[in-house]
$ cat query.txt   # compact mmCIF, C-alpha atoms
# COMPACT_ATOMS: atom_id res chain seq x y z
CA ALA A 13 -128.09 139.45 -6.16
CA ASN A 14 -125.31 140.20 -3.69
CA LEU A 15 -127.48 141.84 -1.03
CA GLU A 16 -127.45 140.15 2.37
CA LEU A 17 -129.54 140.78 5.45
CA ALA A 18 -127.46 142.83 7.88
CA TRP A 19 -129.90 142.97 10.78
CA THR A 20 -133.59 142.95 11.69
CA TYR A 21 -135.43 145.08 14.22
CA ARG A 22 -138.95 144.30 15.36
CA THR A 23 -141.11 147.05 16.82
CA GLY A 24 -143.34 144.60 18.70
CA ASP A 25 -146.52 146.16 17.29
CA LEU A 26 -149.23 143.77 16.19
CA SER A 27 -152.90 144.16 15.42
CA ALA A 28 -154.96 143.19 18.43
CA PRO A 29 -157.55 140.39 18.03
CA ASN A 30 -160.79 141.71 16.55
CA GLU A 31 -159.30 145.19 16.18
CA LYS A 32 -161.23 147.08 13.52
CA ALA A 33 -158.58 149.71 12.87
CA LEU A 34 -155.94 149.05 10.21
CA LEU A 35 -152.42 148.80 11.65
CA ALA A 36 -149.69 149.64 9.14
CA PHE A 37 -145.93 150.15 9.44
CA GLU A 38 -145.18 153.17 7.22
CA ALA A 39 -142.24 154.83 8.98
CA THR A 40 -139.17 156.11 7.17
CA PRO A 41 -136.24 155.99 9.64
CA ILE A 42 -133.98 159.03 9.82
CA LEU A 43 -130.23 159.05 10.47
CA ALA A 44 -128.91 161.69 12.88
CA ASN A 45 -126.59 161.80 15.87
CA ASN A 46 -125.08 158.51 14.57
CA THR A 47 -128.43 156.88 15.29
CA LEU A 48 -131.43 155.61 13.35
CA TYR A 49 -134.71 156.98 14.74
CA LEU A 50 -138.11 155.57 13.83
CA CYS A 51 -141.63 155.11 15.15
CA SER A 52 -143.90 152.10 15.27
CA PRO A 53 -147.58 152.30 14.28
CA ARG A 54 -148.56 152.65 17.95
CA ASN A 55 -146.05 155.45 18.55
CA ARG A 56 -143.22 153.52 20.12
CA ILE A 57 -140.20 155.70 19.35
CA ALA A 58 -136.97 153.74 18.91
CA ALA A 59 -133.31 154.70 18.56
CA LEU A 60 -131.11 152.08 16.89
CA ASP A 61 -127.44 151.55 16.20
CA PRO A 62 -127.37 151.93 12.40
CA VAL A 63 -124.63 149.31 11.99
CA THR A 64 -125.99 146.53 14.20
CA GLY A 65 -129.68 147.38 14.57
CA LYS A 66 -129.30 147.13 18.35
CA GLU A 67 -131.83 149.20 20.26
CA LYS A 68 -130.27 152.13 22.13
CA TRP A 69 -133.56 153.19 23.69
CA MET A 70 -137.30 152.93 23.15
CA ARG A 71 -140.02 155.24 24.43
CA ASP A 72 -143.63 154.08 24.31
CA LEU A 73 -145.80 157.21 24.05
CA LYS A 74 -148.92 155.15 24.79
CA PRO A 75 -151.50 157.07 22.72
CA ASP A 76 -155.23 156.63 23.13
CA ILE A 77 -156.25 155.04 19.82
CA ASN A 78 -159.99 155.14 20.52
CA GLY A 79 -161.64 156.46 17.35
CA ALA A 80 -158.69 155.84 15.02
CA THR A 81 -159.44 153.88 11.86
CA VAL A 82 -155.81 153.69 10.71
CA ILE A 83 -153.02 153.13 13.24
CA THR A 84 -149.76 154.32 11.72
CA CYS A 85 -146.80 156.64 12.17
CA ARG A 86 -144.77 157.78 9.19
CA GLY A 87 -141.73 159.14 10.98
CA VAL A 88 -140.11 161.41 13.54
CA SER A 89 -137.93 164.53 13.22
CA TYR A 90 -134.57 165.63 14.61
CA TRP A 91 -133.55 169.08 15.88
CA LYS A 92 -130.27 170.35 17.31
CA ASP A 93 -130.16 173.46 19.47
CA SER A 94 -127.65 175.76 17.80
CA THR A 95 -127.26 177.82 20.99
CA ALA A 96 -126.44 174.87 23.27
CA THR A 97 -122.99 173.38 23.83
CA GLY A 98 -124.37 169.99 24.81
CA GLY A 99 -126.35 168.58 27.66
CA VAL A 100 -129.84 167.19 28.16
CA CYS A 101 -132.21 167.84 25.25
CA SER A 102 -129.70 169.87 23.26
CA GLN A 103 -130.63 167.36 20.54
CA ARG A 104 -134.29 166.44 20.30
CA ILE A 105 -136.54 163.96 18.56
CA PHE A 106 -140.02 165.31 17.84
CA ALA A 107 -142.83 162.80 17.49
CA GLY A 108 -146.55 163.31 16.90
CA THR A 109 -149.05 160.74 18.13
CA ILE A 110 -152.30 159.16 17.01
CA ASP A 111 -154.20 161.07 19.71
CA GLY A 112 -152.83 164.51 18.89
CA LYS A 113 -149.80 165.04 21.14
CA MET A 114 -146.43 166.43 20.08
CA TRP A 115 -143.56 165.04 22.13
CA ALA A 116 -139.98 166.27 22.48
CA LEU A 117 -137.55 163.53 23.51
CA ASP A 118 -133.85 163.72 24.33
CA ALA A 119 -132.08 162.25 21.31
CA ASP A 120 -129.51 160.43 23.46
CA THR A 121 -131.81 158.89 26.07
CA GLY A 122 -135.41 159.10 24.85
CA LYS A 123 -136.47 160.88 28.03
CA PRO A 124 -139.09 163.67 27.63
CA CYS A 125 -137.72 167.22 27.51
CA GLU A 126 -139.28 168.77 30.60
CA ASP A 127 -139.12 172.35 29.27
CA PHE A 128 -141.21 171.54 26.19
CA GLY A 129 -144.94 172.07 26.75
CA SER A 130 -146.16 170.16 29.78
CA ARG A 131 -143.31 167.88 30.83
CA GLY A 132 -142.28 167.06 27.30
CA ARG A 133 -145.50 167.21 25.32
CA VAL A 134 -147.92 169.68 23.74
CA ASP A 135 -151.60 168.78 23.47
CA LEU A 136 -152.62 169.58 19.89
CA HIS A 137 -156.28 169.15 20.83
CA ASP A 138 -156.12 172.59 22.48
CA ASN A 139 -158.38 175.19 20.80
CA LEU A 140 -159.98 172.61 18.51
CA GLY A 141 -163.34 172.39 20.25
CA PHE A 142 -165.29 169.17 20.71
CA ILE A 143 -163.57 165.89 19.76
CA ALA A 144 -165.74 162.83 20.37
CA LYS A 145 -162.83 160.36 20.61
CA PRO A 146 -159.08 161.03 21.01
CA GLY A 147 -158.10 159.06 17.91
CA LEU A 148 -160.28 161.15 15.59
CA TYR A 149 -157.60 163.87 15.50
CA GLY A 150 -153.91 163.08 15.57
CA VAL A 151 -150.59 163.21 13.75
CA SER A 152 -149.30 160.56 11.36
CA SER A 153 -146.51 162.29 9.42
CA ALA A 154 -143.24 163.56 10.86
CA PRO A 155 -143.26 167.26 11.75
CA THR A 156 -141.22 169.66 9.61
CA ILE A 157 -138.26 171.44 11.20
CA VAL A 158 -137.63 175.03 10.09
CA GLY A 159 -134.91 176.74 12.13
CA ASP A 160 -136.13 176.58 15.71
CA LYS A 161 -139.74 175.83 14.77
CA VAL A 162 -141.51 172.47 14.69
CA ILE A 163 -144.34 172.67 12.14
CA THR A 164 -147.06 170.05 12.19
CA GLY A 165 -150.31 169.31 10.45
CA SER A 166 -152.78 166.60 11.46
CA LYS A 167 -154.78 163.62 10.36
CA ILE A 168 -158.55 163.84 10.77
CA ILE A 169 -160.63 160.71 10.34
CA ASP A 170 -162.56 160.86 7.06
CA PHE A 171 -166.29 160.34 6.56
CA HIS A 172 -167.07 160.61 10.25
CA ASN A 173 -169.04 163.79 10.86
CA VAL A 174 -169.81 167.10 9.15
CA ASP A 175 -168.66 168.88 12.33
CA MET A 176 -165.04 167.93 12.97
CA PRO A 177 -161.96 169.76 14.32
CA GLY A 178 -160.30 172.15 11.89
CA GLY A 179 -157.16 171.17 10.02
CA VAL A 180 -154.93 173.75 11.63
CA VAL A 181 -151.18 173.77 10.87
CA ARG A 182 -149.15 175.00 13.82
CA ALA A 183 -145.56 176.11 14.24
CA LEU A 184 -144.28 175.32 17.73
CA ASP A 185 -141.19 176.74 19.40
CA ALA A 186 -138.73 173.83 19.46
CA ARG A 187 -137.54 174.75 22.94
CA THR A 188 -140.77 175.65 24.77
CA GLY A 189 -143.56 174.16 22.66
CA LYS A 190 -145.41 177.48 22.52
CA VAL A 191 -147.38 178.21 19.35
CA VAL A 192 -145.49 180.67 17.13
CA TRP A 193 -148.17 180.84 14.44
CA ALA A 194 -151.19 178.89 13.21
CA PHE A 195 -152.77 178.51 9.76
CA THR A 196 -156.30 177.16 9.65
CA ALA A 197 -156.90 176.60 5.90
CA ALA A 198 -160.25 178.33 6.27
CA PRO A 199 -161.25 180.43 3.21
CA PRO A 200 -160.00 184.04 2.89
CA ASP A 201 -163.33 185.52 3.97
CA LEU A 202 -162.61 183.91 7.33
CA PRO A 203 -159.03 185.13 8.01
CA PRO A 204 -156.68 182.15 8.52
CA SER A 205 -154.98 183.76 11.52
CA ASP A 206 -158.04 185.08 13.35
CA THR A 207 -157.55 182.67 16.25
CA LYS A 208 -154.63 182.98 18.63
CA GLU A 209 -153.63 180.14 20.91
CA GLY A 210 -154.92 180.62 24.41
CA ASP A 211 -157.43 183.38 23.66
CA GLY A 212 -160.37 181.08 24.35
CA LYS A 213 -161.46 180.86 20.73
CA THR A 214 -161.71 177.71 18.67
CA TYR A 215 -160.03 177.19 15.32
CA PRO A 216 -162.60 177.08 12.48
CA ARG A 217 -164.24 173.66 12.33
CA SER A 218 -163.98 171.13 9.47
CA ALA A 219 -161.43 173.11 7.42
CA PRO A 220 -159.00 171.14 5.20
CA ASN A 221 -156.12 169.43 6.97
CA VAL A 222 -152.52 168.56 6.11
CA TRP A 223 -151.83 164.91 6.93
CA ALA A 224 -148.90 164.29 4.57
CA PRO A 225 -145.29 165.54 4.87
CA MET A 226 -144.55 169.18 4.10
CA SER A 227 -141.49 170.55 2.32
CA VAL A 228 -139.52 173.77 2.73
CA ASP A 229 -137.64 176.31 0.63
CA ALA A 230 -135.46 177.77 3.38
CA GLN A 231 -133.91 180.45 1.16
CA ARG A 232 -137.28 181.93 0.25
CA LYS A 233 -138.78 181.24 3.69
CA LEU A 234 -141.60 179.15 2.25
CA ILE A 235 -143.22 175.98 3.52
CA PHE A 236 -145.44 174.01 1.15
CA LEU A 237 -148.55 172.34 2.52
CA PRO A 238 -150.25 169.48 0.64
CA THR A 239 -153.86 169.78 1.76
CA GLY A 240 -156.72 167.34 2.05
CA THR A 241 -160.40 168.14 1.84
CA PRO A 242 -162.82 169.78 4.26
CA GLN A 243 -165.16 167.45 6.10
CA ILE A 244 -166.79 165.19 5.22
CA ASP A 245 -164.97 164.66 1.92
CA ALA A 246 -167.89 163.47 -0.21
CA VAL A 247 -169.96 166.56 0.61
CA ILE A 248 -168.59 170.10 0.29
CA GLY A 249 -171.16 171.86 2.42
CA LYS A 250 -170.28 175.55 2.67
CA ASP A 251 -169.64 177.82 -0.29
CA ASN A 252 -165.92 178.38 -0.85
CA TRP A 253 -165.07 176.17 2.15
CA ASP A 254 -162.68 174.15 -0.02
CA TYR A 255 -160.69 177.23 -1.11
CA TYR A 256 -157.50 175.68 0.28
CA GLY A 257 -158.62 172.07 -0.23
CA SER A 258 -156.79 169.52 -2.44
CA ALA A 259 -154.12 172.09 -3.13
CA VAL A 260 -150.52 173.05 -2.48
CA VAL A 261 -150.41 176.11 -0.24
CA ALA A 262 -147.23 178.11 0.34
CA LEU A 263 -146.86 179.87 3.69
CA ASN A 264 -144.25 182.27 4.98
CA THR A 265 -142.25 180.25 7.53
CA ASP A 266 -141.78 183.25 9.83
CA THR A 267 -145.42 184.31 10.05
CA GLY A 268 -147.59 181.47 8.74
CA GLU A 269 -149.31 183.85 6.33
CA PRO A 270 -150.33 182.38 2.94
CA VAL A 271 -148.22 183.48 -0.05
CA TRP A 272 -149.89 181.48 -2.84
CA ARG A 273 -151.97 178.40 -3.48
CA TYR A 274 -152.49 176.07 -6.42
CA GLN A 275 -155.66 174.00 -6.27
CA PHE A 276 -155.60 170.68 -8.14
CA VAL A 277 -159.21 169.60 -7.62
CA ARG A 278 -162.14 171.94 -7.01
CA LYS A 279 -165.09 170.64 -5.00
CA ASP A 280 -163.15 167.45 -4.31
CA ILE A 281 -165.95 165.02 -3.48
CA TRP A 282 -163.66 162.10 -4.39
CA ASP A 283 -161.21 162.53 -1.47
CA TYR A 284 -158.20 162.82 -3.78
CA ASP A 285 -156.22 165.11 -1.41
CA THR A 286 -152.73 166.30 -2.34
CA PRO A 287 -150.50 163.83 -0.51
CA ALA A 288 -147.19 164.47 -2.28
$ encode --input "query.txt" --output "structure tokens"
Amino acid sequence: ANLELAWTYRTGDLSAPNEKALLAFEATPILANNTLYLCSPRNRIAALDPVTGKEKWMRDLKPDINGATVITCRGVSYWKDSTATGGVCSQRIFAGTIDGKMWALDADTGKPCEDFGSRGRVDLHDNLGFIAKPGLYGVSSAPTIVGDKVITGSKIIDFHNVDMPGGVVRALDARTGKVVWAFTAAPPDLPPSDTKEGDGKTYPRSAPNVWAPMSVDAQRKLIFLPTGTPQIDAVIGKDNWDYYGSAVVALNTDTGEPVWRYQFVRKDIWDYDTPA
């Protein structure tokens, strides 16, 4: 009864007239560097004074939403370089976009970190094969920070096609953006790590993806992936293709190799996923 409104911040995002995609604000702001960081549904990354709500900076990542059926961003992540004594991009905000880019922004200014990927961004569409529209494969949840690695899954639009990009989980070097390891959630008879970034191969198609936040046991070097289903959800086409689907999968954070899995729903034709 004694709560009072301290301040209000408006992202400026609205659904466009006649826009078929669902626009939803689902971000959880994070507090770091004496700043609140959040993302709007259309991937506008904002840094706010936590006391006044005043905007310190805002970076519009301008994703291509063509193909997206849900326009949302659930959060961003913060990383501090333990080897740096300060300076540009010694503290970084990592943000994934609707169209499959991972950005590294200077936490103080919002400017892209030039040494990360290509002038501040990594294209997560690399090695996925054919993608009909940019918005069919992207990132909605905040990446997970483990030491100097930025680990991200992806959202893949449901019920679209039996042949879709694979739900690869990648660990990126927080400084350079280079892929440290990749886990494809393909069944064991197709080794999860058989594809290396840049070798010209494509990650296995239509494997389960990880769209929800991941959690970490740093002491045991485990990251826990809540998986969705292989494409196209209502039809499990290949035998054993859902081996890692609708499950919690534990990976070694150093190597990306699977340690164990617990599957909640076999042959999940109901699109339950494991979002928690």
$ residues_around --input "query.txt" --residues "Val100 of chain A" --least-positions-apart "5" --cutoff "10 Å" --atoms "only C-alpha atoms" --output "PyMOL selection string"
chain A and resi 117-121+123-126
$ closest_residue --input "query.txt" --among "A:Thr95, A:Gly189, A:Lys145, A:Val181" --to "Phe128 of chain A" --atoms "all atoms listed in the file"
A:Gly189
$ residues_around --input "query.txt" --residues "Pro53 of chain A" --least-positions-apart "6" --cutoff "7 Å" --atoms "all atoms listed in the file" --output "ChimeraX atom specification"
/A:25,35-37,83-85
$ residues_around --input "query.txt" --residues "Asn78 of chain A" --least-positions-apart "2" --cutoff "12 Å" --atoms "only C-alpha atoms" --output "JSON, numbers by chain"
{"A": [31, 32, 33, 54, 74, 75, 76, 80, 81, 82, 83, 110, 111, 112, 143, 144, 145, 146, 147, 148, 149, 150, 169]}
$ residues_around --input "query.txt" --residues "Asn264 of chain A" --least-positions-apart "6" --cutoff "9 Å" --atoms "only C-alpha atoms" --output "list in words"
Arg232, Lys233, Leu234, Ile235, Pro270 and Val271 of chain A
$ atom_distance --input "query.txt" --atom1 "atom CA of Ala58 of chain A" --atom2 "atom CA of Thr239 of chain A"
28.9 Å
$ residues_around --input "query.txt" --residues "segment 87-90 of chain A" --least-positions-apart "2" --cutoff "6 Å" --atoms "only C-alpha atoms" --output "MDAnalysis selection string"
chainID A and resid 39:40 50:51 85 104:107 153:154
$ closest_residue --input "query.txt" --among "A:Asp175, A:Gly141, A:Gly268, A:Thr196" --to "Ile163 of chain A" --atoms "all atoms listed in the file"
A:Gly268
$ closest_residue --input "query.txt" --among "A:Asp254, A:Asp61, A:Asp160, A:Asp245" --to "Thr188 of chain A" --atoms "only C-alpha atoms"
A:Asp160
$ atom_distance --input "query.txt" --atom1 "atom CA of Asp93 of chain A" --atom2 "atom CA of Ala44 of chain A"
13.5 Å
$ closest_residue --input "query.txt" --among "A:Gly165, A:Pro177, A:Gly24, A:Gly122" --to "Ala194 of chain A" --atoms "all atoms listed in the file"
A:Gly165
$ closest_residue --input "query.txt" --among "A:Arg22, A:Lys213, A:Lys66, A:His137" --to "Arg182 of chain A" --atoms "all atoms listed in the file"
A:His137
$ build_atoms --input "query.txt" --residues "segment 121-132 of chain A" --atoms "all heavy atoms" --output "mmCIF file, in the coordinates of the input"
data_model
loop_
_atom_site.group_PDB
_atom_site.id
_atom_site.type_symbol
_atom_site.label_atom_id
_atom_site.label_comp_id
_atom_site.auth_asym_id
_atom_site.auth_seq_id
_atom_site.Cartn_x
_atom_site.Cartn_y
_atom_site.Cartn_z
ATOM 1 N N THR A 121 -131.237 159.775 25.048
ATOM 2 C CA THR A 121 -131.810 158.890 26.070
ATOM 3 C C THR A 121 -133.259 158.522 25.834
ATOM 4 O O THR A 121 -133.748 157.535 26.395
ATOM 5 C CB THR A 121 -131.705 159.533 27.457
ATOM 6 O OG1 THR A 121 -132.543 160.712 27.497
ATOM 7 C CG2 THR A 121 -130.265 159.906 27.782
ATOM 8 N N GLY A 122 -133.986 159.328 25.052
ATOM 9 C CA GLY A 122 -135.410 159.100 24.850
ATOM 10 C C GLY A 122 -136.284 159.660 25.948
ATOM 11 O O GLY A 122 -137.512 159.534 25.899
ATOM 12 N N LYS A 123 -135.688 160.312 26.941
ATOM 13 C CA LYS A 123 -136.470 160.880 28.030
ATOM 14 C C LYS A 123 -137.153 162.171 27.570
ATOM 15 O O LYS A 123 -136.568 162.938 26.797
ATOM 16 C CB LYS A 123 -135.589 161.162 29.245
ATOM 17 C CG LYS A 123 -135.023 159.900 29.890
ATOM 18 C CD LYS A 123 -134.174 160.246 31.104
ATOM 19 C CE LYS A 123 -133.628 158.974 31.764
ATOM 20 N NZ LYS A 123 -132.782 159.279 32.934
ATOM 21 N N PRO A 124 -138.388 162.436 28.024
ATOM 22 C CA PRO A 124 -139.090 163.670 27.630
ATOM 23 C C PRO A 124 -138.310 164.918 28.053
ATOM 24 O O PRO A 124 -137.681 164.935 29.119
ATOM 25 C CB PRO A 124 -140.424 163.566 28.377
ATOM 26 C CG PRO A 124 -140.607 162.107 28.612
ATOM 27 C CD PRO A 124 -139.233 161.553 28.843
ATOM 28 N N CYS A 125 -138.359 165.935 27.211
ATOM 29 C CA CYS A 125 -137.720 167.220 27.510
ATOM 30 C C CYS A 125 -138.683 168.040 28.361
ATOM 31 O O CYS A 125 -139.712 168.524 27.866
ATOM 32 C CB CYS A 125 -137.376 167.954 26.214
ATOM 33 S SG CYS A 125 -136.199 167.048 25.168
ATOM 34 N N GLU A 126 -138.361 168.195 29.616
ATOM 35 C CA GLU A 126 -139.280 168.770 30.600
ATOM 36 C C GLU A 126 -139.667 170.210 30.278
ATOM 37 O O GLU A 126 -140.733 170.675 30.692
ATOM 38 C CB GLU A 126 -138.654 168.701 31.995
ATOM 39 C CG GLU A 126 -138.443 167.287 32.514
ATOM 40 C CD GLU A 126 -139.750 166.622 32.912
ATOM 41 O OE1 GLU A 126 -140.675 167.333 33.333
ATOM 42 O OE2 GLU A 126 -139.846 165.377 32.792
ATOM 43 N N ASP A 127 -138.834 170.945 29.543
ATOM 44 C CA ASP A 127 -139.120 172.350 29.270
ATOM 45 C C ASP A 127 -139.998 172.543 28.041
ATOM 46 O O ASP A 127 -140.347 173.671 27.685
ATOM 47 C CB ASP A 127 -137.825 173.150 29.120
ATOM 48 C CG ASP A 127 -136.901 172.574 28.043
ATOM 49 O OD1 ASP A 127 -137.176 171.471 27.543
ATOM 50 O OD2 ASP A 127 -135.900 173.237 27.716
ATOM 51 N N PHE A 128 -140.361 171.465 27.383
ATOM 52 C CA PHE A 128 -141.210 171.540 26.190
ATOM 53 C C PHE A 128 -142.649 171.257 26.584
ATOM 54 O O PHE A 128 -142.973 170.152 27.053
ATOM 55 C CB PHE A 128 -140.737 170.535 25.149
ATOM 56 C CG PHE A 128 -141.506 170.584 23.854
ATOM 57 C CD1 PHE A 128 -141.196 171.510 22.881
ATOM 58 C CD2 PHE A 128 -142.538 169.692 23.616
ATOM 59 C CE1 PHE A 128 -141.902 171.552 21.687
ATOM 60 C CE2 PHE A 128 -143.250 169.716 22.436
ATOM 61 C CZ PHE A 128 -142.936 170.660 21.461
ATOM 62 N N GLY A 129 -143.530 172.259 26.403
ATOM 63 C CA GLY A 129 -144.940 172.070 26.750
ATOM 64 C C GLY A 129 -145.113 171.680 28.192
ATOM 65 O O GLY A 129 -144.513 172.269 29.099
ATOM 66 N N SER A 130 -145.934 170.677 28.434
ATOM 67 C CA SER A 130 -146.160 170.160 29.780
ATOM 68 C C SER A 130 -145.358 168.881 29.961
ATOM 69 O O SER A 130 -145.764 167.820 29.492
ATOM 70 C CB SER A 130 -147.662 169.894 30.002
ATOM 71 O OG SER A 130 -147.890 169.313 31.261
ATOM 72 N N ARG A 131 -144.186 169.010 30.523
ATOM 73 C CA ARG A 131 -143.310 167.880 30.830
ATOM 74 C C ARG A 131 -142.995 167.044 29.584
ATOM 75 O O ARG A 131 -143.030 165.825 29.614
ATOM 76 C CB ARG A 131 -143.899 167.011 31.927
ATOM 77 C CG ARG A 131 -144.221 167.770 33.202
ATOM 78 C CD ARG A 131 -144.524 166.852 34.362
ATOM 79 N NE ARG A 131 -143.323 166.103 34.764
ATOM 80 C CZ ARG A 131 -143.316 165.204 35.769
ATOM 81 N NH1 ARG A 131 -144.444 164.954 36.428
ATOM 82 N NH2 ARG A 131 -142.214 164.564 36.074
ATOM 83 N N GLY A 132 -142.740 167.745 28.491
ATOM 84 C CA GLY A 132 -142.280 167.060 27.300
ATOM 85 C C GLY A 132 -143.287 166.915 26.184
ATOM 86 O O GLY A 132 -142.945 166.383 25.114
#
